[in-house]
Every structure is written in structure tokens, then in C-alpha cells.
>>> print(open('start_14.csv').read())   # CSV, C-alpha atoms
chain,number,residue,atom,x,y,z
M,71,MET,CA,81.5,142.6,205.2
M,72,GLU,CA,79.3,141.0,202.6
M,73,PHE,CA,76.5,138.9,203.9
M,74,LYS,CA,76.3,135.4,202.5
M,75,ASP,CA,72.9,134.1,201.8
M,76,TYR,CA,73.7,130.4,202.1
M,77,TYR,CA,70.1,129.3,201.3
M,78,LYS,CA,70.2,131.3,198.1
M,79,ILE,CA,73.5,129.7,197.1
M,80,LEU,CA,72.1,126.2,197.5
M,81,GLY,CA,68.8,127.3,196.1
M,82,VAL,CA,66.7,126.1,199.0
M,83,GLU,CA,64.0,127.6,201.2
M,84,ARG,CA,64.9,128.9,204.7
M,85,ASP,CA,62.8,126.2,206.2
M,86,ALA,CA,64.1,123.3,204.1
M,87,ALA,CA,64.7,120.0,205.8
M,88,THR,CA,68.3,118.8,206.1
M,89,GLU,CA,67.7,116.1,203.6
M,90,ALA,CA,66.5,118.6,201.0
M,91,ILE,CA,69.6,120.8,201.7
M,92,LYS,CA,71.8,117.7,201.3
M,93,THR,CA,70.2,116.9,197.9
M,94,ALA,CA,70.6,120.4,196.7
M,95,TYR,CA,74.3,120.4,197.8
M,96,ARG,CA,75.0,117.2,196.0
M,97,LYS,CA,73.4,118.4,192.8
M,98,LEU,CA,75.5,121.5,192.8
M,99,ALA,CA,78.7,119.7,193.9
M,100,ARG,CA,78.3,117.5,190.8
M,101,LYS,CA,77.6,120.5,188.6
M,102,TYR,CA,80.6,122.5,189.7
M,103,HIS,CA,83.1,119.6,190.2
M,104,PRO,CA,86.3,121.3,189.1
M,105,ASP,CA,87.6,118.2,187.3
M,106,VAL,CA,84.6,117.8,185.0
M,107,SER,CA,82.6,121.0,185.1
M,108,LYS,CA,82.2,123.0,181.9
M,109,GLU,CA,81.2,126.1,183.8
M,110,LYS,CA,83.7,128.9,183.6
M,111,ASP,CA,83.8,129.8,187.3
M,112,ALA,CA,83.4,126.2,188.5
M,113,SER,CA,86.0,126.2,191.2
M,114,GLU,CA,84.8,129.6,192.7
M,115,ARG,CA,81.2,128.3,192.7
M,116,MET,CA,82.3,125.0,194.2
M,117,LYS,CA,84.0,126.9,197.1
M,118,GLU,CA,80.8,128.9,197.7
M,119,VAL,CA,78.7,125.7,197.6
M,120,ASN,CA,81.0,123.9,200.0
M,121,GLU,CA,80.9,126.9,202.4
M,122,ALA,CA,77.1,127.0,202.3
M,123,TRP,CA,77.0,123.2,203.1
M,124,ALA,CA,79.6,123.5,205.9
M,125,VAL,CA,77.1,125.9,207.6
M,126,LEU,CA,73.6,124.6,206.6
M,127,GLY,CA,74.6,121.0,206.8
M,128,ASP,CA,75.6,121.4,210.5
M,129,PRO,CA,72.6,121.8,212.8
M,130,GLU,CA,74.6,124.0,215.3
M,131,LYS,CA,76.0,126.3,212.7
M,132,ARG,CA,72.6,126.5,210.9
M,133,ALA,CA,70.8,127.5,214.1
M,134,ALA,CA,73.4,130.2,214.8
M,135,TYR,CA,73.3,131.4,211.2
M,136,ASP,CA,69.4,131.5,211.2
M,137,ARG,CA,69.6,133.8,214.2
M,138,LEU,CA,71.3,136.4,212.1
M,139,GLY,CA,68.1,136.7,210.1
M,140,ALA,CA,67.8,137.2,206.3
M,141,GLY,CA,70.7,139.6,206.2
M,142,PRO,CA,70.8,143.3,205.2
M,143,GLN,CA,69.4,144.7,201.9
M,144,PRO,CA,71.6,144.0,198.9
M,145,GLY,CA,74.6,146.2,198.8
M,146,GLN,CA,74.5,147.1,202.5
M,147,ASP,CA,77.4,146.3,204.7
M,148,PHE,CA,76.8,143.6,207.2
M,149,ARG,CA,77.9,143.5,210.9
M,150,PRO,CA,76.8,140.8,213.3
M,151,PRO,CA,75.0,142.1,216.4
M,152,PRO,CA,77.1,141.9,219.6
M,153,ASP,CA,77.0,138.6,221.4
M,154,TRP,CA,74.7,137.2,218.7
M,155,ASP,CA,76.2,133.8,219.2
M,156,GLN,CA,75.8,133.7,223.0
M,157,GLY,CA,74.2,130.5,224.2
M,158,PHE,CA,75.4,128.4,221.3
M,159,GLU,CA,77.8,125.6,222.0
M,160,TYR,CA,79.9,124.5,219.1
M,161,SER,CA,81.4,121.1,219.0
M,162,GLY,CA,83.7,122.1,216.1
M,163,GLY,CA,84.3,120.3,212.9
M,164,GLU,CA,83.7,121.6,209.4
M,165,ARG,CA,81.9,118.6,207.9
M,166,GLY,CA,85.2,117.1,206.9
M,167,PHE,CA,86.6,120.3,205.4
M,168,SER,CA,90.3,120.7,206.0
M,169,PRO,CA,91.7,123.9,207.7
M,170,GLU,CA,93.1,125.0,204.3
M,171,GLU,CA,89.6,124.7,202.7
M,172,ALA,CA,87.9,126.3,205.7
M,173,ALA,CA,90.3,129.2,205.6
M,174,GLY,CA,89.6,129.7,201.9
M,175,PHE,CA,85.9,130.4,202.8
M,176,SER,CA,84.6,133.9,202.7
M,177,ASP,CA,85.4,136.7,205.3
M,178,PHE,CA,81.8,136.3,206.3
M,179,PHE,CA,82.3,132.7,207.3
M,180,SER,CA,85.6,133.5,209.0
M,181,GLU,CA,84.0,136.3,211.0
M,182,ILE,CA,80.9,134.3,212.1
M,183,PHE,CA,82.3,130.8,212.5
M,184,GLY,CA,86.0,131.2,212.7
M,185,ARG,CA,85.7,132.3,216.4
M,186,MET,CA,84.0,129.1,217.5
M,187,GLY,CA,85.2,127.6,220.7
M,188,ARG,CA,87.2,130.7,221.6
M,189,GLY,CA,88.4,130.6,225.1
M,190,GLY,CA,87.2,127.0,225.5
M,191,ALA,CA,89.1,123.7,225.5
M,192,ALA,CA,88.5,123.2,221.8
M,193,GLY,CA,90.9,126.0,220.9
M,194,THR,CA,90.1,126.9,217.3
M,195,GLY,CA,87.4,124.3,217.2
M,196,GLY,CA,87.3,122.1,214.1
M,197,PHE,CA,90.3,123.8,212.6
M,198,SER,CA,92.8,122.5,215.1
M,199,ARG,CA,92.3,118.8,214.6
M,200,ALA,CA,93.8,118.5,211.1
M,201,ARG,CA,96.4,121.1,211.7
M,202,ALA,CA,99.7,120.2,210.3
M,203,GLY,CA,103.2,121.4,210.5
M,204,GLU,CA,103.8,120.7,206.9
M,205,HIS,CA,102.2,122.6,204.0
M,206,HIS,CA,101.6,121.9,200.4
M,207,ALA,CA,101.1,124.1,197.4
M,208,ARG,CA,101.1,123.7,193.7
M,209,ILE,CA,103.2,126.1,191.6
M,210,LEU,CA,102.9,126.7,187.9
M,211,LEU,CA,106.1,127.4,186.0
M,212,ASP,CA,106.8,128.2,182.4
M,213,LEU,CA,108.5,125.4,180.4
M,214,GLU,CA,111.4,127.9,179.9
M,215,ASP,CA,112.1,127.9,183.6
M,216,SER,CA,113.4,124.3,183.4
M,217,PHE,CA,116.1,125.5,181.0
M,218,THR,CA,116.9,128.9,182.6
M,219,ALA,CA,116.6,127.9,186.3
M,220,PRO,CA,115.5,131.3,187.4
M,221,THR,CA,114.6,132.5,190.9
M,222,ARG,CA,110.8,132.8,191.1
M,223,GLN,CA,108.9,134.8,193.6
M,224,ILE,CA,105.8,132.9,194.7
M,225,SER,CA,102.9,134.0,196.8
M,226,LEU,CA,101.4,131.5,199.1
M,227,GLN,CA,98.2,131.7,201.2
M,228,SER,CA,98.2,129.7,204.4
M,229,PRO,CA,95.7,129.6,207.2
M,230,LYS,CA,96.6,131.5,210.3
M,231,VAL,CA,94.8,132.1,213.6
M,232,ASP,CA,94.8,135.8,214.6
M,233,ASP,CA,95.0,137.1,218.2
M,234,LYS,CA,91.2,137.1,218.4
M,235,GLY,CA,91.1,133.4,217.6
M,236,ARG,CA,89.8,133.9,214.1
M,237,LEU,CA,91.1,131.8,211.2
M,238,THR,CA,92.3,133.9,208.3
M,239,LEU,CA,94.4,133.5,205.2
M,240,GLU,CA,97.9,134.9,205.4
M,241,THR,CA,99.7,135.8,202.2
M,242,ARG,CA,103.5,135.4,202.2
M,243,THR,CA,106.1,135.7,199.5
M,244,LEU,CA,109.0,133.4,199.0
M,245,ASN,CA,111.9,133.5,196.6
M,246,VAL,CA,112.5,130.0,195.2
M,247,LYS,CA,115.5,129.1,193.0
M,248,ILE,CA,114.0,126.7,190.4
M,249,PRO,CA,116.4,123.8,189.8
M,250,ARG,CA,117.5,123.3,186.1
M,251,GLY,CA,115.8,120.4,184.4
M,252,ILE,CA,112.8,120.5,186.7
M,253,ARG,CA,109.8,118.6,185.4
M,254,GLU,CA,106.1,118.1,186.1
M,255,GLY,CA,105.3,115.8,189.1
M,256,GLN,CA,108.5,116.6,190.9
M,257,MET,CA,108.3,118.4,194.3
M,258,ILE,CA,110.5,121.0,195.8
M,259,ARG,CA,110.9,120.6,199.5
M,260,LEU,CA,111.7,123.8,201.4
M,261,ALA,CA,112.9,123.0,204.9
M,262,GLY,CA,111.3,125.0,207.7
M,263,GLN,CA,109.0,127.0,205.3
M,264,GLY,CA,105.8,125.2,206.1
M,265,ALA,CA,102.7,126.7,207.7
M,266,ALA,CA,102.9,127.4,211.5
M,267,LEU,CA,99.1,127.5,212.0
M,268,ARG,CA,99.1,127.9,215.7
M,269,GLY,CA,102.4,129.8,216.1
M,270,GLU,CA,104.8,126.9,216.6
M,271,ARG,CA,108.4,127.8,216.9
M,272,ASN,CA,109.4,125.1,214.4
M,273,PRO,CA,107.2,125.1,211.4
M,274,GLY,CA,107.4,122.0,209.1
M,275,ASP,CA,108.5,121.8,205.6
M,276,LEU,CA,106.9,123.3,202.6
M,277,LEU,CA,106.2,121.0,199.6
M,278,LEU,CA,105.8,122.7,196.3
M,279,GLU,CA,104.3,120.5,193.6
M,280,VAL,CA,105.5,121.5,190.2
M,281,GLY,CA,103.3,122.0,187.1
M,282,PHE,CA,103.9,123.8,183.8
M,283,ARG,CA,101.7,126.4,182.1
M,284,PRO,CA,100.8,125.2,178.6
M,285,HIS,CA,103.4,126.1,176.0
M,286,PRO,CA,102.2,127.0,172.5
M,287,ARG,CA,104.4,124.4,170.7
M,288,LEU,CA,106.0,122.1,173.2
M,289,VAL,CA,104.2,119.6,175.4
M,290,PRO,CA,106.2,118.1,178.3
M,291,ASP,CA,105.9,114.4,179.2
M,292,GLY,CA,108.3,113.7,182.1
M,293,ARG,CA,111.8,114.5,180.8
M,294,ASP,CA,110.7,114.4,177.2
M,295,LEU,CA,109.2,117.1,175.0
M,296,HIS,CA,106.6,116.5,172.2
M,297,THR,CA,105.8,118.7,169.3
M,298,THR,CA,104.0,118.4,165.9
M,299,ILE,CA,105.9,120.0,163.0
M,300,PRO,CA,103.8,121.3,160.0
M,301,VAL,CA,105.5,120.3,156.7
M,302,ALA,CA,104.7,120.7,153.0
M,303,PRO,CA,103.9,117.5,151.1
M,304,TRP,CA,107.2,117.7,149.2
M,305,GLU,CA,109.1,118.0,152.5
M,306,ALA,CA,107.4,114.8,153.7
M,307,ALA,CA,108.2,113.1,150.4
M,308,LEU,CA,111.7,114.3,149.8
M,309,GLY,CA,112.9,114.9,153.4
M,310,ALA,CA,113.9,118.2,154.9
M,311,VAL,CA,115.8,119.9,157.6
M,312,VAL,CA,113.5,122.1,159.8
M,313,PRO,CA,114.7,124.4,162.5
M,314,VAL,CA,112.8,124.0,165.8
M,315,ASP,CA,113.1,126.7,168.4
M,316,LEU,CA,113.6,125.3,172.0
M,317,PRO,CA,113.8,127.5,175.0
M,318,ASP,CA,117.6,127.6,175.1
M,319,SER,CA,118.6,126.8,171.5
M,320,THR,CA,117.5,126.0,168.0
M,321,VAL,CA,117.7,122.4,166.9
M,322,ASN,CA,117.8,121.4,163.2
M,323,VAL,CA,115.4,118.5,162.9
M,324,ARG,CA,115.9,116.2,160.0
M,325,ILE,CA,112.6,114.9,158.5
M,326,PRO,CA,113.4,111.7,156.7
M,327,ALA,CA,112.2,111.2,153.1
M,328,GLY,CA,108.8,109.4,153.0
M,329,ALA,CA,107.9,110.6,156.5
M,330,GLU,CA,104.3,109.9,157.4
M,331,PRO,CA,102.1,111.6,160.1
M,332,GLY,CA,101.3,109.5,163.1
M,333,ARG,CA,104.9,108.1,163.5
M,334,GLN,CA,106.9,109.7,166.2
M,335,LEU,CA,110.5,110.6,165.5
M,336,ARG,CA,113.1,111.4,168.1
M,337,VAL,CA,116.0,113.8,168.6
M,338,ARG,CA,118.1,112.4,171.5
M,339,GLY,CA,119.0,114.7,174.4
M,340,LYS,CA,116.9,117.6,173.3
M,341,GLY,CA,114.1,117.3,175.9
M,342,LEU,CA,114.3,119.0,179.3
M,343,PRO,CA,117.9,119.5,180.6
M,344,SER,CA,117.5,117.0,183.4
M,345,ASP,CA,120.2,114.5,184.4
M,346,PRO,CA,120.1,112.5,182.1
M,347,PRO,CA,118.4,114.9,179.6
M,348,GLY,CA,115.1,114.0,178.0
M,349,ASP,CA,114.5,113.6,174.3
M,350,LEU,CA,112.5,115.6,171.8
M,351,TYR,CA,109.8,113.6,170.1
M,352,PHE,CA,108.1,115.0,167.1
M,353,ASP,CA,105.4,114.1,164.7
M,354,ILE,CA,104.6,115.7,161.4
M,355,ARG,CA,101.4,117.3,160.1
M,356,ILE,CA,101.2,117.6,156.3
M,357,VAL,CA,99.8,120.9,155.2
M,358,ALA,CA,98.6,121.1,151.6
M,359,PRO,CA,99.3,124.4,149.9
M,360,PRO,CA,96.4,125.8,147.9
M,361,ALA,CA,96.5,125.8,144.1
M,362,GLU,CA,96.2,129.6,144.0
M,363,THR,CA,98.1,130.5,140.9
M,364,PRO,CA,97.9,128.9,137.4
M,365,LYS,CA,101.5,127.8,137.9
M,366,ALA,CA,100.8,126.0,141.2
M,367,ARG,CA,97.8,124.4,139.7
M,368,GLU,CA,99.9,123.2,136.8
M,369,ALA,CA,102.4,121.7,139.2
M,370,TRP,CA,99.7,119.8,141.0
M,371,GLU,CA,98.2,118.6,137.7
M,372,THR,CA,101.7,117.3,136.7
M,373,LEU,CA,102.1,115.5,140.0
M,374,LYS,CA,98.6,114.0,139.6
M,375,SER,CA,99.3,112.6,136.1
M,376,GLU,CA,102.8,111.4,137.0
M,377,SER,CA,101.9,109.7,140.3
M,378,GLN,CA,100.4,106.3,140.7
M,379,PHE,CA,99.7,107.1,144.3
M,380,ASP,CA,96.4,105.9,145.7
M,381,PRO,CA,95.7,107.6,149.0
M,382,ARG,CA,92.6,105.4,149.7
M,383,LYS,CA,94.1,102.0,149.1
M,384,GLU,CA,94.4,101.1,152.8
M,385,TRP,CA,91.1,102.7,153.6
M,386,ARG,CA,89.2,100.6,151.0
M,387,ALA,CA,90.9,97.5,152.2
M,388,ARG,CA,89.5,97.8,155.7
M,389,ALA,CA,87.0,95.1,156.4
F,80,MET,CA,118.2,129.9,200.5
F,81,SER,CA,121.0,127.3,200.6
F,82,ASP,CA,120.9,124.0,198.9
F,83,LYS,CA,120.7,122.3,202.2
F,84,GLU,CA,117.3,123.8,202.9
F,85,MET,CA,116.0,122.8,199.4
F,86,GLU,CA,115.5,119.4,198.1
F,87,LEU,CA,114.0,118.0,194.9
F,88,LEU,CA,111.7,115.0,195.5
F,89,GLU,CA,110.5,112.6,192.8
F,90,GLY,CA,109.0,109.2,192.3
F,91,ALA,CA,107.5,107.6,195.4
F,92,CYS,CA,109.0,110.1,197.7
F,93,LEU,CA,106.4,111.1,200.3
F,94,THR,CA,106.1,109.3,203.7
F,95,LEU,CA,102.7,108.6,205.2
F,96,GLU,CA,103.2,111.5,207.6
F,97,GLN,CA,104.2,113.9,204.8
F,98,LEU,CA,101.2,112.9,202.7
F,99,CYS,CA,98.8,113.3,205.7
F,100,ALA,CA,100.3,116.7,206.5
F,101,ALA,CA,100.4,118.0,202.9
F,102,GLY,CA,96.8,116.8,202.1
F,103,ALA,CA,95.5,117.9,205.6
F,104,ILE,CA,94.1,114.4,206.1
F,105,GLU,CA,93.9,112.2,209.2
F,106,ARG,CA,96.3,109.4,209.5
F,107,ALA,CA,93.7,106.8,210.3
F,108,TRP,CA,91.7,107.7,207.2
F,109,LEU,CA,94.8,107.3,205.0
F,110,VAL,CA,96.0,104.1,206.6
F,111,GLU,CA,92.6,102.4,206.1
F,112,ARG,CA,92.6,103.3,202.4
F,113,VAL,CA,96.2,102.3,201.8
F,114,GLU,CA,95.6,98.9,203.5
F,115,ALA,CA,92.6,98.4,201.3
F,116,GLY,CA,94.7,99.0,198.3
F,117,LEU,CA,92.8,102.2,197.2
F,118,ILE,CA,95.9,104.5,197.3
F,119,PRO,CA,99.0,103.0,195.7
F,120,ALA,CA,102.1,103.0,197.8
F,121,SER,CA,105.6,101.7,197.0
F,122,GLY,CA,107.6,100.5,200.0
F,123,GLY,CA,105.5,102.6,202.3
F,124,ARG,CA,106.0,105.8,200.2
F,125,PHE,CA,103.8,107.8,197.9
F,126,ALA,CA,104.2,109.6,194.6
F,127,ALA,CA,103.3,113.3,194.3
F,128,ALA,CA,100.2,112.2,192.3
F,129,ALA,CA,98.9,110.5,195.5
F,130,LEU,CA,98.2,114.0,196.8
F,131,VAL,CA,95.8,114.8,194.1
F,132,ARG,CA,94.2,111.3,194.5
F,133,VAL,CA,93.6,111.6,198.2
F,134,ARG,CA,92.1,115.1,197.8
F,135,ARG,CA,89.7,113.9,195.1
F,136,MET,CA,88.8,110.8,197.1
F,137,ARG,CA,88.1,112.8,200.2
F,138,GLU,CA,85.9,115.3,198.3
F,139,ILE,CA,83.8,112.5,196.7
F,140,GLU,CA,83.4,110.7,200.0
F,141,ARG,CA,82.4,113.8,201.8
F,142,ALA,CA,80.0,115.3,199.2
F,143,TYR,CA,78.2,112.0,198.5
F,144,GLU,CA,78.8,110.0,201.7
F,145,ALA,CA,80.4,107.6,199.2
F,146,ALA,CA,82.1,104.3,200.1
F,147,PRO,CA,85.9,104.6,199.8
F,148,GLU,CA,85.8,102.1,197.0
F,149,LEU,CA,83.5,104.3,195.0
F,150,ALA,CA,85.6,107.3,195.6
F,151,ALA,CA,88.7,105.3,194.4
F,152,LEU,CA,86.8,104.3,191.3
F,153,VAL,CA,86.0,108.0,190.5
F,154,ALA,CA,89.6,108.9,191.2
F,155,ASP,CA,90.7,106.1,188.8
F,156,LEU,CA,88.4,107.5,186.1
F,157,LEU,CA,89.6,111.1,186.6
F,158,GLU,CA,93.3,109.9,186.4
F,159,GLU,CA,92.5,108.1,183.2
F,160,MET,CA,90.9,111.3,181.9
F,161,ASP,CA,94.0,113.3,182.9
F,162,ALA,CA,96.2,110.8,181.0
F,163,LEU,CA,94.0,111.0,177.9
F,164,ARG,CA,93.9,114.8,178.0
F,165,ALA,CA,97.7,114.9,178.2
F,166,ARG,CA,97.9,112.5,175.3
F,167,LEU,CA,95.5,114.7,173.3
F,168,ALA,CA,97.7,117.7,174.1
F,169,ARG,CA,100.8,115.9,172.9
F,170,GLY,CA,99.2,114.8,169.6
F,171,ARG,CA,98.2,118.4,168.7
>>> encode(input="start_14.csv", output="C-alpha cells")
Amino acid sequence: MEFKDYYKILGVERDAATEAIKTAYRKLARKYHPDVSKEKDASERMKEVNEAWAVLGDPEKRAAYDRLGAGPQPGQDFRPPPDWDQGFEYSGGERGFSPEEAAGFSDFFSEIFGRMGRGGAAGTGGFSRARAGEHHARILLDLEDSFTAPTRQISLQSPKVDDKGRLTLETRTLNVKIPRGIREGQMIRLAGQGAALRGERNPGDLLLEVGFRPHPRLVPDGRDLHTTIPVAPWEAALGAVVPVDLPDSTVNVRIPAGAEPGRQLRVRGKGLPSDPPGDLYFDIRIVAPPAETPKAREAWETLKSESQFDPRKEWRARA
Amino acid sequence: MSDKEMELLEGACLTLEQLCAAGAIERAWLVERVEAGLIPASGGRFAAAALVRVRRMREIERAYEAAPELAALVADLLEEMDALRARLARGR
């Protein structure tokens, strides 16, 4: 087992006051906030920082942790001495961390603190209070799955209390038939597939929140799909029919003559195959071909001399 | 798995109990914030997006000992950022 140096993780001295530890935790919680952090491993670091705070921010846990000493030399395996935690009384609670979060902490945390309250009235200590018969997970699907309705194998990790009273993460695999036309924000409810944290006979339901992995060309918005089609200047001016590949078909999209970028056009019923189906919205992006050959250059020159077009008229008119 | 065991939920579909259970949060914590108008509910039910919102609010409250109103304000800003990022992706 790898020893976790919680003081090092939070960047504080071993004799730091609780206030200083709290300040360090808050700074790091801001730095690694998964919604805004630019750091690559933000969510992993956030987990580590939360774990360190769950221990060092709690006087009982910190005292017990300090008794373990500074840990072994780097690279050495760590084993807690027998009965190291004798004489400590834990009141449970994980500084507001849910059982799912606490179960996601390291093996070290689980070994040292997961046993708290064993044999006592508290059961699994702080983990039992927020225990729930229902479980929630987010699954990421490919956009194509909404069209092909495949059966997907998903792996879920849920907290489980082992026979020694320790909280661990159990991985289980489920086969889920994805309904056709599924879209982001919907949830799949699987009856009786929820977590049974303390071995209940009737586990609750499992709620799967659906999200899509990014698609290279299509962006879903509810039932609808959005895409931007690159067109040549003459296709925008004269109109064109452009084939667009969708996951289950190819649709011939008609670009109207005089089309301009920034104006959304719609093909009815070509979004996600929900009931009713969504629409396909597209915008155009005009790509100018380079004047690479003398002939191409001549064609551009002709257009320039023939056209009265002033691309900056509206721009100049802006107050 | 039969169709009976599987159901597709959408819109404001979650009950208070389901939201508590799925988000691993305490009922009293949630009720207090719903009554204060910090977590939108429609006819006593919640959209799937409420799950992300309660998780974000709880994290902000916990990490900074923040007032629920401040956590809700941060959640509002993050939701607006999500919407703008999605709009940016659509306009690509």
C-alpha cells in the first residue's frame, strides 16, 4: 500500500494550525476545481486534495494519522502497525463528503479510516448516514448510438462495505440496451440495479445520466443536430447541393443561392431519431480557394472587375 | 433486461427522494435550498440537470463554508458557462 503524505499534498508543515490547513485546502480546491481548472489532471488532484482535507481537517483523524509518523521511505510499502488506532474514538463523518466520494479516496484512506467505528454502534461511521438505496452514474455514449440503439456494456464503481467493515469500491458490469433516439440530459432508470451499500436484499434503482462524446462534425442540442458546412464562394453565391453524412444515412443538403454565413438553415426530421425526430441545423463557412494557378488568378481577376460587390459596406456604416 | 425494468426519464422527472439518493445528499439540506428557491423544481420534481447543480453547490458550500446563496450564484455562473461552451461548440 502506498503511504499518502497528506501534509505534502496540501503543502503545509506537520505542525500547521487547522486554520493554515484550511487556507491551503481552499487555495488548492480553487486551483483544481474541475469545472474551471486549466490543469490537465485537475479532477485527480482535486480528489487527492479532498482526501487530505477529510483527514487533516478533522481533529480526530489528524491525531490518528499523525500517530503513523512520517511514513516509510519513498517507494517502500506501507503497513500500519497492529492496533495503531487503539484508544481513538471516532465520531464518524467525512467533513461532508458523500459515501461515493469517500469510497473514491485512496486504498490508504480506506485501510486507515474505512474501518472506523467497527463493532460499535456507528456501524460504518460516517459512511452510513448518507447511504442510499438508489445510485447514479453518468454514461458517455457515441452520437451514433442514438441511431443504432446498441447494447452497451458499462462498468460501474459503487461503494461496498466488505466483511471487515472497510469501505471499498466494487466494479460491476451491466449490459444496457440503449433506446433509439436517446439524447443528452435524459436518464435511463434501471429498476433494482442500484447500489446495495450495506447488503440490503432490495437495492434501489440505478439512474444513468446520458451524455455524448464529442462528434467530429455534428453537435447535438436536445433532439436537434448542428453542423457547419464548408462551401466554396461560388457554391454560396449560386447555390449547391452538398451531401452530409449522418450516422444512419446521407442527406443531400440544398444550399440556397446567396447563402450567407451566420444564418442557420434547417433540414426537417434529420436530427436524432427521437419521437418526434429532431431537425438538422446547418450554417455555412465560406472557404476561399487560393489563386494558385495563372488560370485561377485570371478567374478571380475577372470576378473582381465584373463585380460591384463591396464587402466592407456594412462595416464602414457602423457608428 | 426487459422493458419493464428499464425506463427513459426526461424533463422534470426526479422526485425529491430520487434526487437525494442519486446525489447522496441529505433530505433536510435539499428541502431547505428548494424552499429558498436555490434549486429549481417544477411541481415538486427536478430535471436531470439538478443533479449536477446540487453536487456543485454542495462542493462550494463544503470547501469554502459558503452561504447557500453564494454556492447557488456560483452554480448559476457555471451553468451559464456550460451553455456558452455548448453554443461555441455548435458554431464551430
>>> residues_around(input="start_14.csv", residues="Glu148 of chain F", least_positions_apart="2", cutoff="9 Å", atoms="all atoms listed in the file", output="list in words")
Arg112, Ala115, Leu117, Ala145, Ala146, Ala150, Ala151, Leu152 and Val153 of chain F
>>> interface_residues(input="start_14.csv", of="chain F", to="chain M", cutoff="6 Å", atoms="only C-alpha atoms", output="number ranges by chain")
F: 84-89, 100-101, 103, 169
>>> closest_residue(input="start_14.csv", among="M:Arg84, M:Arg283, M:Phe178, M:Glu330", to="Ala133 of chain M", atoms="all atoms listed in the file")
M:Arg84
>>> residues_around(input="start_14.csv", residues="Lys74 of chain M", least_positions_apart="5", cutoff="9 Å", atoms="only C-alpha atoms", output="PDB file with C-alpha atoms, in the frame of the given file")
ATOM      1  CA  ILE M  79      73.500 129.700 197.100  1.00  0.00           C
ATOM      2  CA  ALA M 122      77.100 127.000 202.300  1.00  0.00           C
ATOM      3  CA  GLY M 141      70.700 139.600 206.200  1.00  0.00           C
ATOM      4  CA  SER M 176      84.600 133.900 202.700  1.00  0.00           C
ATOM      5  CA  PHE M 178      81.800 136.300 206.300  1.00  0.00           C
ATOM      6  CA  PHE M 179      82.300 132.700 207.300  1.00  0.00           C
TER       7      PHE M 179
END
>>> atom_distance(input="start_14.csv", atom1="atom CA of Tyr76 of chain M", atom2="atom CA of Gly127 of chain M")
10.5 Å
